[in-house]
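The structure appears right after this line, and notes come after that.
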2 protein chains.
Amino acid sequence: MELVTISDIEAAAKRVADVAVRTPLLLQTWDPRKTLWLKPENLQPVGAFKVRGAFNAITALDEVVRARGVIAYSSGNHAQAVAYAAQRYGIPAVIVVPDVTPRIKVEATRAYGAEIIEVPLGEHPAKAGELAAERGLTLVPPFDDAAVIAGQGTVGLEIAEDLPDVEVVLVPVSGGGLAAGVGTAIKARCPRARVIGVEPALAGDAADSLRRGELVRWPQADRGRTIADGLRSQPSELTFTHLQAVVDAMVTVSEDEIREAVRVLARQARLVAEPSGAVTTAAYLFHADELPAGRTVAVVSGGNADPALFAEILAER
Amino acid sequence: MELVTISDIEAAAKRVADVAVRTPLLLQTWDPRKTLWLKPENLQPVGAFKVRGAFNAITALDEVVRARGVIAYSSGNHAQAVAYAAQRYGIPAVIVVPDVTPRIKVEATRAYGAEIIEVPLGEHPAKAGELAAERGLTLVPPFDDAAVIAGQGTVGLEIAEDLPDVEVVLVPVSGGGLAAGVGTAIKARCPRARVIGVEPALAGDAADSLRRGELVRWPQADRGRTIADGLRSQPSELTFTHLQAVVDAMVTVSEDEIREAVRVLARQARLVAEPSGAVTTAAYLFHADELPAGRTVAVVSGGNADPALFAEILAER
């Protein structure tokens, strides 16, 4: 299996430069003994790092193929990222969503000019494949794709550029595209830094898999329990092989720790993070004993929190 | 009266580079007809642009004078900014606060290593002057100071660098240091851009003053009614003279508009803004008819929202 390289990520950085925000590292002073910087990917267009991978994948397409349009299946940030990237190119985008998707997310995706097709839950991947063939659209997968991984890796490249002596990088793991890309960039540029993947304990399948040395499948119903709705996917063979190569350790965090991290990010860092985007901060705050010491960066991967849930979490204490 | 120049601001930019975050411009797609970028100064250390002015003023001091320490009177973001800047220099800082200041703000300032002195409301400026003389400390004023204005002006310099064809810059006005600095930078670098000051209608004394061509004083009790607690000050002769030179027009916004802008910034831009930091977004959203058309930047000046108030505003709709 061919792994994404630092050259792929460098090429992606050039492609996404006009679309992705060059997010700064934000030094935090919560605890003078453990220096922390946040990488606020919630500030990207569409509110998540996903715009990097989607835009890189679409840019990498042959011009004629790209002009026919793209398709994605997702109810989350990837859907909006593909729609946004397609709009920037002025090409058609079709997003297949499960019919249980909250209206607010459907409307946000439609606002980027995408055609939305709602199908019963579970049928959306198959439907996307069918439509891709029928209409000549290119499928942009959420993580199981070298160009998508390389695009997400630009987050790691920027961390290495801004803080060359970084010692610990905390990155969320779901399908593994972000962790694969960031880990690859960090290992190439800052070989002494440790890359730590973070998952909700309720969706700790990647930690489980890495411990056992093989991909372990957790039932969807189990993974679906976490509040971190962006972290309910599981790695593919491609991303898992990357994780084995570039992730030094995994940490899992509890649901209460995630909620508290959402509060701390809002109050101390003035960032709106969705629960999935707050897991790395939860690891920093509550699992210091499992983390290497040193200059730490936590990737805040997204900020599309459901407004009612976000207000509820903030009001808790 | 000698006004701050673009050279002063350029010199300030070099001084604050290691301390202030180089905040990116965040393109928003709320309304395709009116392109908007946010300048998220709520992401600065201490959560507000104030760190720029405080650090520039302290850096500009003679080394021997600086080593004796600094003093400020404030219950708000300027207090924390001076404490933070002093901590970076390893020099003593004394902050005189009114004894009605919320504990959370007092503790945040103390956490930066400052000595806190609480006095009855209204006595804090005099007490600060007294202590400055007694202990040989240098007073760092919140806005009535050329070095502070030049420091705040680095916000405008960055806008001009990142978006040279900016057409409209929206900036909050309270004591006027930020608007004076930003306006000076924008007029020097982007002479065709219009600089629009924004105030809460309940504290619209600067708009009133500019309309009449002279400084009008509004009673503290009137200005104190706005939820935007960072915008209750009024310009000094120094800042007012700058405003007359560099501000093209003023817009005032209602309390309801400010609250809605706080919600929009959280939901659409994933930023925690305090009410004072949201007034420019309120102007963009609700006063388009009073604004020039064109590529617009809104300065989000700070993010130190009271947690309970912020949760309450978010839960409103």
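Ligands are numbered from 1 in the order shown, chains are lettered A, B, ... in the order of the structure tokens, and residues start at 1 in each chain.
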Each region 250-302 of chain B residue no farther than 12 Å from region 177-189 of chain B, nearest pair in Å, only C-alpha atoms, as a tab-separated table:
residue	atom	partner	partner_atom	distance
B:Met250	CA	B:Ala179	CA	10.9
B:Gly277	CA	B:Leu178	CA	11.9
B:Thr280	CA	B:Ala179	CA	11.8
B:Val297	CA	B:Ile186	CA	11.4
B:Ala298	CA	B:Val182	CA	11.5
B:Val299	CA	B:Val182	CA	9.6
B:Val300	CA	B:Leu178	CA	11.4
B:Ser301	CA	B:Leu178	CA	8.8
B:Gly302	CA	B:Leu178	CA	11.6
Nearby residues (only C-alpha atoms) at most 12 Å from Gly47 (chain B), same-chain spacing under 5 positions excluded, as a VMD selection string: (chain A and resid 26 to 29 265 to 271) or (chain B and resid 20 to 21 23 40 to 42 52 76 to 81 84 108 271 to 274 277 300 to 305)
For Pro120 (chain A): contacts at 9 Å, only C-alpha atoms, fewer than 4 positions along chain excluded, given as number ranges by chain: A: 97-100, 124
Same residues, C-alpha atoms, saved as a short mmCIF file (atom, residue, chain, number, x, y, z; two decimals), in the first residue's frame:
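Everything below was put into again.cif:
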data_model
loop_
_atom_site.label_atom_id
_atom_site.label_comp_id
_atom_site.auth_asym_id
_atom_site.auth_seq_id
_atom_site.Cartn_x
_atom_site.Cartn_y
_atom_site.Cartn_z
CA VAL A 97 -27.53 12.66 3.12
CA PRO A 98 -29.43 10.32 5.43
CA ASP A 99 -33.00 11.57 5.86
CA VAL A 100 -32.43 11.89 9.63
CA HIS A 124 -26.50 6.95 1.40
#
Backbone-only DSSP, alpha helix (DSSP H) members of region 43-230 of chain B, as JSON, numbers by chain: {"B": [50, 51, 52, 53, 54, 55, 56, 57, 58, 59, 63, 64, 65, 66, 67, 68, 77, 78, 79, 80, 81, 82, 83, 84, 85, 86, 87, 88, 89, 103, 104, 105, 106, 107, 108, 109, 110, 111, 124, 125, 126, 127, 128, 129, 130, 131, 132, 133, 134, 135, 146, 147, 148, 149, 150, 151, 152, 153, 154, 155, 156, 157, 158, 159, 160, 161, 162, 177, 178, 179, 180, 181, 182, 183, 184, 185, 186, 187, 188, 189, 205, 206, 207, 208, 209, 210, 211, 212, 220, 221, 222, 223]}
Can you write just those residues out, C-alpha atoms, as a compact mmCIF listing (two decimals), in the first residue's frame?
# COMPACT_ATOMS: atom_id res chain seq x y z
CA LYS B 50 -5.62 45.63 24.16
CA VAL B 51 -2.48 43.54 24.42
CA ARG B 52 -1.10 45.36 21.37
CA GLY B 53 -1.30 48.85 22.87
CA ALA B 54 -0.18 47.79 26.34
CA PHE B 55 2.82 45.90 25.05
CA ASN B 56 3.84 48.71 22.71
CA ALA B 57 3.60 51.31 25.47
CA ILE B 58 5.65 49.21 27.90
CA THR B 59 8.25 48.35 25.25
CA GLU B 63 14.69 50.31 30.29
CA VAL B 64 15.41 51.69 33.75
CA VAL B 65 11.98 53.25 34.03
CA ARG B 66 10.32 50.07 32.81
CA ALA B 67 12.16 47.92 35.35
CA ARG B 68 10.48 49.85 38.20
CA ASN B 77 -9.47 44.08 29.15
CA HIS B 78 -6.83 46.82 29.49
CA ALA B 79 -6.06 45.68 33.03
CA GLN B 80 -5.39 42.15 31.89
CA ALA B 81 -3.38 43.37 28.92
CA VAL B 82 -1.06 45.47 31.10
CA ALA B 83 -0.67 42.60 33.58
CA TYR B 84 0.10 40.18 30.75
CA ALA B 85 2.61 42.51 29.08
CA ALA B 86 4.35 43.18 32.40
CA GLN B 87 4.58 39.46 33.08
CA ARG B 88 6.23 38.95 29.68
CA TYR B 89 8.83 41.54 30.70
CA ARG B 103 -14.33 38.30 40.99
CA ILE B 104 -13.70 36.41 37.76
CA LYS B 105 -12.05 39.47 36.18
CA VAL B 106 -10.01 40.23 39.29
CA GLU B 107 -8.75 36.65 39.44
CA ALA B 108 -7.91 36.61 35.72
CA THR B 109 -5.78 39.73 36.18
CA ARG B 110 -4.12 38.36 39.31
CA ALA B 111 -3.31 35.16 37.41
CA HIS B 124 -9.49 54.16 41.04
CA PRO B 125 -7.96 56.70 38.63
CA ALA B 126 -6.84 58.99 41.48
CA LYS B 127 -5.52 56.07 43.50
CA ALA B 128 -3.50 54.90 40.50
CA GLY B 129 -1.92 58.34 40.11
CA GLU B 130 -1.07 58.41 43.80
CA LEU B 131 0.53 54.95 43.76
CA ALA B 132 2.45 55.74 40.57
CA ALA B 133 4.11 58.69 42.30
CA GLU B 134 4.71 56.82 45.57
CA ARG B 135 6.28 53.73 44.02
CA ALA B 146 0.32 57.92 21.64
CA ALA B 147 2.12 54.60 22.18
CA VAL B 148 -1.13 52.85 23.08
CA ILE B 149 -2.86 54.26 19.97
CA ALA B 150 0.08 53.19 17.78
CA GLY B 151 -0.09 49.68 19.23
CA GLN B 152 -3.81 49.35 18.51
CA GLY B 153 -3.10 50.68 15.02
CA THR B 154 -1.23 47.47 14.17
CA VAL B 155 -4.69 45.90 13.72
CA GLY B 156 -5.24 48.28 10.81
CA LEU B 157 -1.78 47.67 9.40
CA GLU B 158 -2.47 43.93 9.25
CA ILE B 159 -5.83 44.49 7.56
CA ALA B 160 -4.13 46.63 4.91
CA GLU B 161 -1.42 44.01 4.38
CA ASP B 162 -3.84 41.09 4.06
CA GLY B 177 -7.70 54.33 20.87
CA LEU B 178 -8.48 51.41 18.58
CA ALA B 179 -10.43 53.49 16.04
CA ALA B 180 -7.73 56.19 16.06
CA GLY B 181 -4.96 53.69 15.41
CA VAL B 182 -6.81 51.56 12.89
CA GLY B 183 -8.08 54.63 11.03
CA THR B 184 -4.59 56.12 10.85
CA ALA B 185 -3.15 52.89 9.42
CA ILE B 186 -5.98 52.42 6.90
CA LYS B 187 -5.91 56.02 5.65
CA ALA B 188 -2.15 55.78 5.11
CA ARG B 189 -2.14 52.42 3.40
CA ASP B 205 -21.25 59.95 22.65
CA ALA B 206 -18.50 59.76 20.02
CA ALA B 207 -21.05 59.83 17.17
CA ASP B 208 -22.70 62.77 18.90
CA SER B 209 -19.36 64.53 19.32
CA LEU B 210 -18.25 64.00 15.72
CA ARG B 211 -21.61 65.28 14.46
CA ARG B 212 -21.26 68.45 16.54
CA GLN B 220 -21.57 57.92 33.06
CA ALA B 221 -25.00 56.67 34.13
CA ASP B 222 -26.26 56.94 30.54
CA ARG B 223 -23.23 55.25 28.99
Backbone DSSP call of strand (DSSP E or B) for region 36-236 of chain A, listed as an MDAnalysis selection string: chainID A and resid 36:40 48 70:73 93:98 115:119 138:139 168:172 194:200
With a distance cut-off of 10 Å and only C-alpha atoms, select the neighbouring residues of Asp256 (chain B), excluding the residue or stretch itself and same-chain residues fewer than 5 positions from it, and output the selection as a compact mmCIF listing (two decimals) with N, CA and C atoms, in the first residue's frame.
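Result written to part-v2.txt:
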# COMPACT_ATOMS: atom_id res chain seq x y z
N ILE B 227 -25.12 46.92 27.24
CA ILE B 227 -24.58 45.61 27.55
C ILE B 227 -23.10 45.53 27.14
N ALA B 261 -25.92 39.80 17.06
CA ALA B 261 -24.59 39.69 16.46
C ALA B 261 -23.71 38.71 17.25
N VAL B 262 -23.84 38.70 18.58
CA VAL B 262 -23.10 37.73 19.40
C VAL B 262 -23.50 36.30 18.97
N ALA B 282 -22.90 43.73 14.21
CA ALA B 282 -24.28 44.25 14.29
C ALA B 282 -24.49 45.33 13.23
Between CA of Ser174 (chain A) and CA of Thr239 (chain A), distance in Å (one decimal): 9.9 Å
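Across the structure, CA of Val70 (chain A) and CA of Leu139 (chain A) are spaced 5.8 Å apart.
For the pair CA of Thr296 (chain A) and CA of Leu170 (chain A), the separation is 7.5 Å.
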Nearest to Gly175 (chain B) by atom-to-atom distance, counting only C-alpha atoms, from B:Ala12, B:Ile258, B:Leu231, B:Ala278: B:Leu231
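Checking A:Val246, A:Ala13, A:Ala48, A:Leu202 one by one against chain B, counting only C-alpha atoms, you find the shortest gap at A:Ala48.
Each of B:Val253, B:Val166, B:Leu3, B:Val46 was compared to chain A using only C-alpha atoms, and B:Val46 turns out to be the nearest.
Restricting the calculation to only C-alpha atoms, the smallest distance between chain B and any of A:Pro292, A:Arg263, A:Val173, A:Ile91 is found for A:Arg263.
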